[in-house]
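Novice: Just my_file.txt, nothing more (compact mmCIF, C-alpha atoms):
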# COMPACT_ATOMS: atom_id res chain seq x y z
CA MET U 1 119.78 82.94 103.92
CA SER U 2 120.98 86.33 102.69
CA LEU U 3 118.74 89.00 101.19
CA PHE U 4 120.18 88.42 97.73
CA ASP U 5 119.77 84.63 97.98
CA GLU U 6 116.15 85.00 99.08
CA LEU U 7 115.44 87.45 96.26
CA ARG U 8 116.99 85.06 93.75
CA ALA U 9 114.68 82.32 95.06
CA LEU U 10 111.75 84.66 94.40
CA GLY U 11 112.79 85.13 90.77
CA VAL U 12 114.72 88.40 91.07
CA ASP U 13 117.73 88.68 88.75
CA VAL U 14 119.97 90.08 91.49
CA ASP U 15 123.10 89.61 89.38
CA GLY U 16 121.58 91.56 86.50
CA GLY U 17 120.51 94.33 88.85
CA LEU U 18 123.96 94.50 90.42
CA LYS U 19 125.61 94.57 87.02
CA ARG U 20 123.64 97.72 86.13
CA ILE U 21 125.26 99.53 89.05
CA ASN U 22 128.81 98.18 88.80
CA ASN U 23 128.19 95.44 91.40
CA ASN U 24 127.72 97.97 94.19
CA GLU U 25 125.83 95.81 96.71
CA LYS U 26 125.31 98.66 99.17
CA LEU U 27 123.70 100.84 96.48
CA TYR U 28 121.57 97.95 95.23
CA THR U 29 120.32 97.30 98.75
CA ARG U 30 119.46 100.98 99.18
CA LEU U 31 117.63 100.96 95.83
CA LEU U 32 115.66 97.92 96.94
CA GLY U 33 114.44 100.11 99.80
CA SER U 34 113.31 102.64 97.20
CA PHE U 35 111.44 99.87 95.41
CA VAL U 36 109.54 99.11 98.62
CA LYS U 37 108.62 102.79 98.97
CA SER U 38 107.52 102.85 95.32
CA ILE U 39 105.23 99.87 95.88
CA ASP U 40 103.79 101.49 99.00
CA SER U 41 103.07 104.78 97.23
CA GLN U 42 102.16 103.44 93.77
CA TYR U 43 100.17 100.33 94.73
CA VAL U 44 97.79 99.15 91.99
CA PRO U 45 95.03 96.87 93.31
CA ALA U 46 93.47 94.31 90.97
CA ASP U 47 90.02 95.68 91.78
CA PHE U 48 90.83 99.31 90.92
CA ASP U 49 88.03 101.61 89.82
CA GLU U 50 87.85 101.87 86.04
CA ALA U 51 87.14 105.61 86.39
CA ASN U 52 90.76 106.02 87.58
CA VAL U 53 92.44 104.00 84.84
CA THR U 54 94.79 106.86 83.89
CA GLU U 55 96.05 107.03 87.46
CA GLN U 56 96.49 103.24 87.54
CA ILE U 57 98.50 103.37 84.30
CA GLU U 58 100.81 105.98 85.83
CA LYS U 59 101.26 103.93 89.00
CA ALA U 60 101.82 100.68 87.11
CA HIS U 61 104.33 102.42 84.84
CA ALA U 62 106.27 103.72 87.85
CA ILE U 63 106.41 100.25 89.42
CA LYS U 64 107.43 98.73 86.08
CA GLY U 65 110.30 101.20 85.75
CA THR U 66 111.62 100.69 89.25
CA ALA U 67 111.32 96.91 89.00
CA GLY U 68 113.02 96.90 85.61
CA ASN U 69 115.94 99.00 86.79
CA LEU U 70 116.54 96.60 89.66
CA SER U 71 115.90 93.43 87.60
CA ILE U 72 112.95 92.45 89.78
CA THR U 73 111.89 90.32 86.85
CA PRO U 74 108.52 88.85 87.90
CA VAL U 75 107.18 92.27 88.85
CA TYR U 76 108.69 93.99 85.81
CA GLU U 77 107.27 91.47 83.35
CA ALA U 78 103.79 91.53 84.88
CA TYR U 79 103.59 95.32 85.00
CA THR U 80 104.86 95.57 81.44
CA LYS U 81 101.82 93.51 80.38
CA VAL U 82 99.49 95.45 82.69
CA VAL U 83 100.61 98.83 81.35
CA ASP U 84 100.25 97.67 77.74
CA LEU U 85 96.78 96.25 78.37
CA LEU U 86 95.56 99.30 80.27
CA ARG U 87 96.86 101.66 77.61
CA SER U 88 95.00 99.69 74.96
CA GLY U 89 91.76 99.77 76.98
CA GLN U 90 91.86 96.08 77.92
CA ILE U 91 91.10 96.68 81.57
CA GLU U 92 89.52 93.32 82.36
CA GLU U 93 92.45 91.49 80.78
CA ALA U 94 94.87 93.37 83.08
CA ARG U 95 93.12 92.37 86.30
CA PRO U 96 94.14 88.66 86.35
CA ILE U 97 97.76 89.61 85.74
CA LEU U 98 97.62 91.93 88.74
CA GLU U 99 95.93 89.23 90.81
CA GLU U 100 98.76 86.85 89.91
CA VAL U 101 101.65 89.26 90.54
CA LEU U 102 100.41 90.91 93.74
CA PRO U 103 101.27 87.92 96.01
CA VAL U 104 104.71 87.65 94.36
CA GLN U 105 105.19 91.39 94.79
CA THR U 106 104.15 91.10 98.45
CA ASP U 107 106.66 88.28 99.01
CA ILE U 108 109.48 90.32 97.45
CA VAL U 109 108.59 93.43 99.45
CA SER U 110 108.34 91.39 102.67
CA CYS U 111 111.72 89.81 101.98
CA ILE U 112 113.33 93.21 101.49
CA LYS U 113 111.64 94.69 104.57
CA ASN U 114 112.68 91.70 106.73
CA HIS U 115 116.32 92.20 105.82
CA MET U 116 116.24 95.95 106.33
CA GLU U 117 114.95 95.87 109.90
If you convert what's in this file into structure tokens, what do you get?

Specialist:
Amino acid sequence: MSLFDELRALGVDVDGGLKRINNNEKLYTRLLGSFVKSIDSQYVPADFDEANVTEQIEKAHAIKGTAGNLSITPVYEAYTKVVDLLRSGQIEEARPILEEVLPVQTDIVSCIKNHME
């Protein structure tokens, strides 16, 4: 199965992401690599320390933006909720959303990494 087919199976709107960049598959693939780097550098664990909530908001916002630009829908939608909840001080309400999206995020990142080796 191709990278794009596997991503579609994981809920990624590959066609929407491609449309944003004039259907340039090579560029989209390269940007998926940037998404992986963003996840690696901006990772937000569900058990983050409440003392660092501002940092977690910044990280979650960065992931949300990258995921949104590439139409990585499950990650984008979850981080949109997480950012909104954290900004409104609803820290405990954000944690279950992170717990739910982190395995999906891991599957998407693994898929991308497997096809880039």

Novice: Name the residues in contact with range 70-76 of chain U at a cut-off of 6 Å, using all atoms listed in the file, excluding same-chain residues fewer than 3 positions from it; report them as a PyMOL selection string.

Specialist: chain U and resi 12-13+17+64+67+79

Novice: Using only C-alpha atoms for the distances, tell me which of U:Gly89, U:Leu18, U:Thr54, U:Ala78 is nearest to Arg30 in chain U.

Specialist: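 Checking each of U:Gly89, U:Leu18, U:Thr54, U:Ala78 against Arg30 in chain U, counting only C-alpha atoms, the winner is U:Leu18.
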
Novice: Select, from U:Ile21, U:Leu98, U:Leu32, U:Val82, the residue with the minimum atom-to-atom distance to His115 in chain U, counting only C-alpha atoms.

Specialist: U:Leu32

Novice: Take the point (98.1, 93.9, 96.0) as written in the file and pick out every residue within 10 Å of it, counting all atoms listed in the file; give the list as an MDAnalysis selection string.

Specialist: chainID U and resid 39:40 43:47 98:106

Novice: Mind checking which residues fall within 10 Å of Met116 in chain U, counting all atoms listed in the file, ignoring those fewer than 4 positions away in the same chain, and posting them as a JSON list (two decimals) with C-alpha atoms, in the frame of the given file?

Specialist:
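Contents of out-v9.json, freshly written:
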[["chain", "number", "residue", "atom", "x", "y", "z"],
["U", 3, "LEU", "CA", 118.74, 89.00, 101.19],
["U", 29, "THR", "CA", 120.32, 97.30, 98.75],
["U", 30, "ARG", "CA", 119.46, 100.98, 99.18],
["U", 32, "LEU", "CA", 115.66, 97.92, 96.94],
["U", 33, "GLY", "CA", 114.44, 100.11, 99.80],
["U", 110, "SER", "CA", 108.34, 91.39, 102.67],
["U", 111, "CYS", "CA", 111.72, 89.81, 101.98],
["U", 112, "ILE", "CA", 113.33, 93.21, 101.49]]

Novice: As an exercise, work out the distance from CA of Leu85 in chain U to CA of Gly11 in chain U in Å and give it to one decimal place.

Specialist: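 A separation of 23.1 Å between them.
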
Novice: Give me, as a list in words, all polymer residues having an atom no more than 9 Å from Thr80 in chain U, counting all atoms listed in the file and skipping those fewer than 6 positions away in the same chain.

Specialist: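 Counting only the stated atoms, we get Ala60, His61, Lys64 and Gly65 of chain U.
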
Novice: From the set U:Asn114, U:Ser41, U:Asn23, U:Ser2, which residue has the shortest atom-to-atom contact distance to Gln56 in chain U, counting only C-alpha atoms?

Specialist: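 The closest residue to Gln56 in chain U is U:Ser41.
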
Novice: Would you please work out which residue, of U:Glu58, U:Gly16, U:Phe35, U:Met1, is nearest to Ile108 in chain U when using only C-alpha atoms?

Specialist: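 Of U:Glu58, U:Gly16, U:Phe35, U:Met1, the one nearest Ile108 in chain U is U:Phe35, counting only C-alpha atoms.
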
Novice: U:Lys26, U:Phe4, U:Glu92, U:Leu31: which is nearest Val53 in chain U, counting only C-alpha atoms?

Specialist: U:Glu92

Novice: By how many Å are CA of Phe48 in chain U and CA of Arg95 in chain U apart?

Specialist: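 Between CA of Phe48 in chain U and CA of Arg95 in chain U the gap works out to 8.6 Å.
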
Novice: Mind giving me the straight-line distance from CA of Tyr28 in chain U to CA of Glu55 in chain U in Å, one decimal?

Specialist: 28.2 Å
